[in-house]
Amino acid sequence: NAGVTQTPKFQVLKTGQSMTLQCAQDMNHNSMYWYRQDPGMGLRLIYYSASEGTTDKGEVPNGYNVSRLNKREFSLRLESAAPSQTSVYFCASSADRGRTEAFFGQGTRLTVV
Amino acid sequence: AQSVTQLGSHVSVSEGALVLLRCNYSSSVPPYLFWYVQYPNQGLQLLLKYTSAATLVKGINGFEAEFKKSETSFHLTKPSAHMSDAAEYFCAAHQAGTALIFGKGTTLSVSS
């Protein structure tokens with residue numbers, strides 16, 4: 001079972017470069033999320049999408065954009081990468097925004113030099 | 001805004017000892033509550049969840065958590081720690097209509 005698939009797993013960018021992190025889920029979930037994980041900070045929400053066609057900002061949206069391409073896919077774009085965006089990024093999905101748990105991808109380790 | 005607080009960024013126990021990881025939530029309306037575990041270089045996996053059916057929730061690997069509305073708490077326990085329990089643990093809250101919010105995490109170390 002694939003669950004939530006993120007690509008790439010690792011990436012090194014130069015400051016100012018752009019890239020898109022891809023996420024796809026095969027569980028027919030309505031809600032999808034992007035988090036970043038930094039030491040001592042836990043997981044902080046960047047953006048989320050409650051359903052196809054809708055997106056909302058989370059706690060740390062600056063410097064990022066998202067696209068909910070369809071029900072399966074939710075991408076995260078860095079238009080002009082900065083060293084402060086060095087982090088581990090996780091995509092997650094859940095059936096709804098409430099009682100059901102979220103399922104996570106394996107993460108993307110991004111380094112901006 | 002809703003928030004989740006985990007007391008203690010690092011907890012150390014001996015193998016066989018009780019594990020207690022603390023979590024408090026801030027909302028006046030009890031949210032749905034979750035504990036996740038993260039092993040090194042992996043994603044998060046669900047340990048257990050509270051969805052109002054029962055206040056004592058049992059999860060995988062011998063973990064359990066008790067929801068206490070009066071204390072706005074959802075502490076995670078395991079009677080006897082095992083070396084394989086060493087990992088980072090996250091408490092999370094999910095209120096209807098909002099996104100899943102995490103605490104900062106607690107790293108559990110288990111010594112022999």
# chains A, B, ... in the order shown; residues from 1 in each chain; ligands from 1
>>> residues_around(residues="stretch 68-84 of chain B", least_positions_apart="5", cutoff="8 Å", atoms="only C-alpha atoms", output="list in words")
Val13, Ser14, Glu15, Gly16, Ala17, Leu18, Val19, Leu20, Leu21, Arg22, Cys23, Asn24, Tyr25, Ser26, Pro30, Leu33, Trp35, Thr55, Gly62, Phe63, Val110, Ser111 and Ser112 of chain B
>>> write_last_selection(atoms="C-alpha atoms", output="PDB file, in the first residue's frame")
ATOM      1  CA  VAL B  13      14.014   6.239  31.566  1.00  0.00           C
ATOM      2  CA  SER B  14      15.587   2.888  32.294  1.00  0.00           C
ATOM      3  CA  GLU B  15      14.427  -0.228  30.527  1.00  0.00           C
ATOM      4  CA  GLY B  16      11.464  -1.652  32.434  1.00  0.00           C
ATOM      5  CA  ALA B  17      10.529   1.683  34.029  1.00  0.00           C
ATOM      6  CA  LEU B  18       7.279   3.575  33.611  1.00  0.00           C
ATOM      7  CA  VAL B  19       7.062   5.962  30.679  1.00  0.00           C
ATOM      8  CA  LEU B  20       5.047   9.158  31.160  1.00  0.00           C
ATOM      9  CA  LEU B  21       4.923  11.803  28.427  1.00  0.00           C
ATOM     10  CA  ARG B  22       2.799  14.852  29.143  1.00  0.00           C
ATOM     11  CA  CYS B  23       0.461  16.713  26.807  1.00  0.00           C
ATOM     12  CA  ASN B  24      -1.965  19.572  27.461  1.00  0.00           C
ATOM     13  CA  TYR B  25      -4.293  21.274  25.005  1.00  0.00           C
ATOM     14  CA  SER B  26      -5.655  24.786  25.195  1.00  0.00           C
ATOM     15  CA  PRO B  30     -12.144  19.330  23.696  1.00  0.00           C
ATOM     16  CA  LEU B  33      -6.385  14.194  20.290  1.00  0.00           C
ATOM     17  CA  TRP B  35      -0.203  10.707  19.812  1.00  0.00           C
ATOM     18  CA  THR B  55     -11.399   8.485  28.136  1.00  0.00           C
ATOM     19  CA  GLY B  62       1.592  -1.197  24.874  1.00  0.00           C
ATOM     20  CA  PHE B  63       1.021   2.562  25.047  1.00  0.00           C
ATOM     21  CA  VAL B 110      15.718   4.352  27.126  1.00  0.00           C
ATOM     22  CA  SER B 111      18.840   3.058  28.855  1.00  0.00           C
ATOM     23  CA  SER B 112      19.678  -0.516  29.745  1.00  0.00           C
TER      24      SER B 112
END
>>> interface_residues(of="chain B", to="chain A", cutoff="12 Å", atoms="only C-alpha atoms", output="ChimeraX atom specification")
/B:1-6,8-10,30-53,88-107
>>> atom_distance(atom1="atom CA of A:Val60", atom2="atom CA of A:Ile46")
4.9 Å
>>> residues_around(residues="stretch 17-30 of chain A", least_positions_apart="6", cutoff="10 Å", atoms="only C-alpha atoms", output="ChimeraX atom specification")
/A:1-9,11,49-52,64-82,89-97,102-105,107-108,110,112
>>> select_by_dssp(residues="stretch 45-92 of chain A", states="strand (DSSP E)", output="list in words")
Leu45, Ile46, Tyr47, Tyr48, Ser49, Asp56, Lys57, Tyr64, Asn65, Val66, Ser67, Arg68, Phe74, Ser75, Leu76, Arg77, Leu78, Ser87, Val88, Tyr89, Phe90, Cys91 and Ala92 of chain A
>>> residues_around(residues="A:Thr111", least_positions_apart="6", cutoff="7 Å", atoms="only C-alpha atoms", output="list in words")
Gln11, Val12, Leu13, Thr86 and Ser87 of chain A
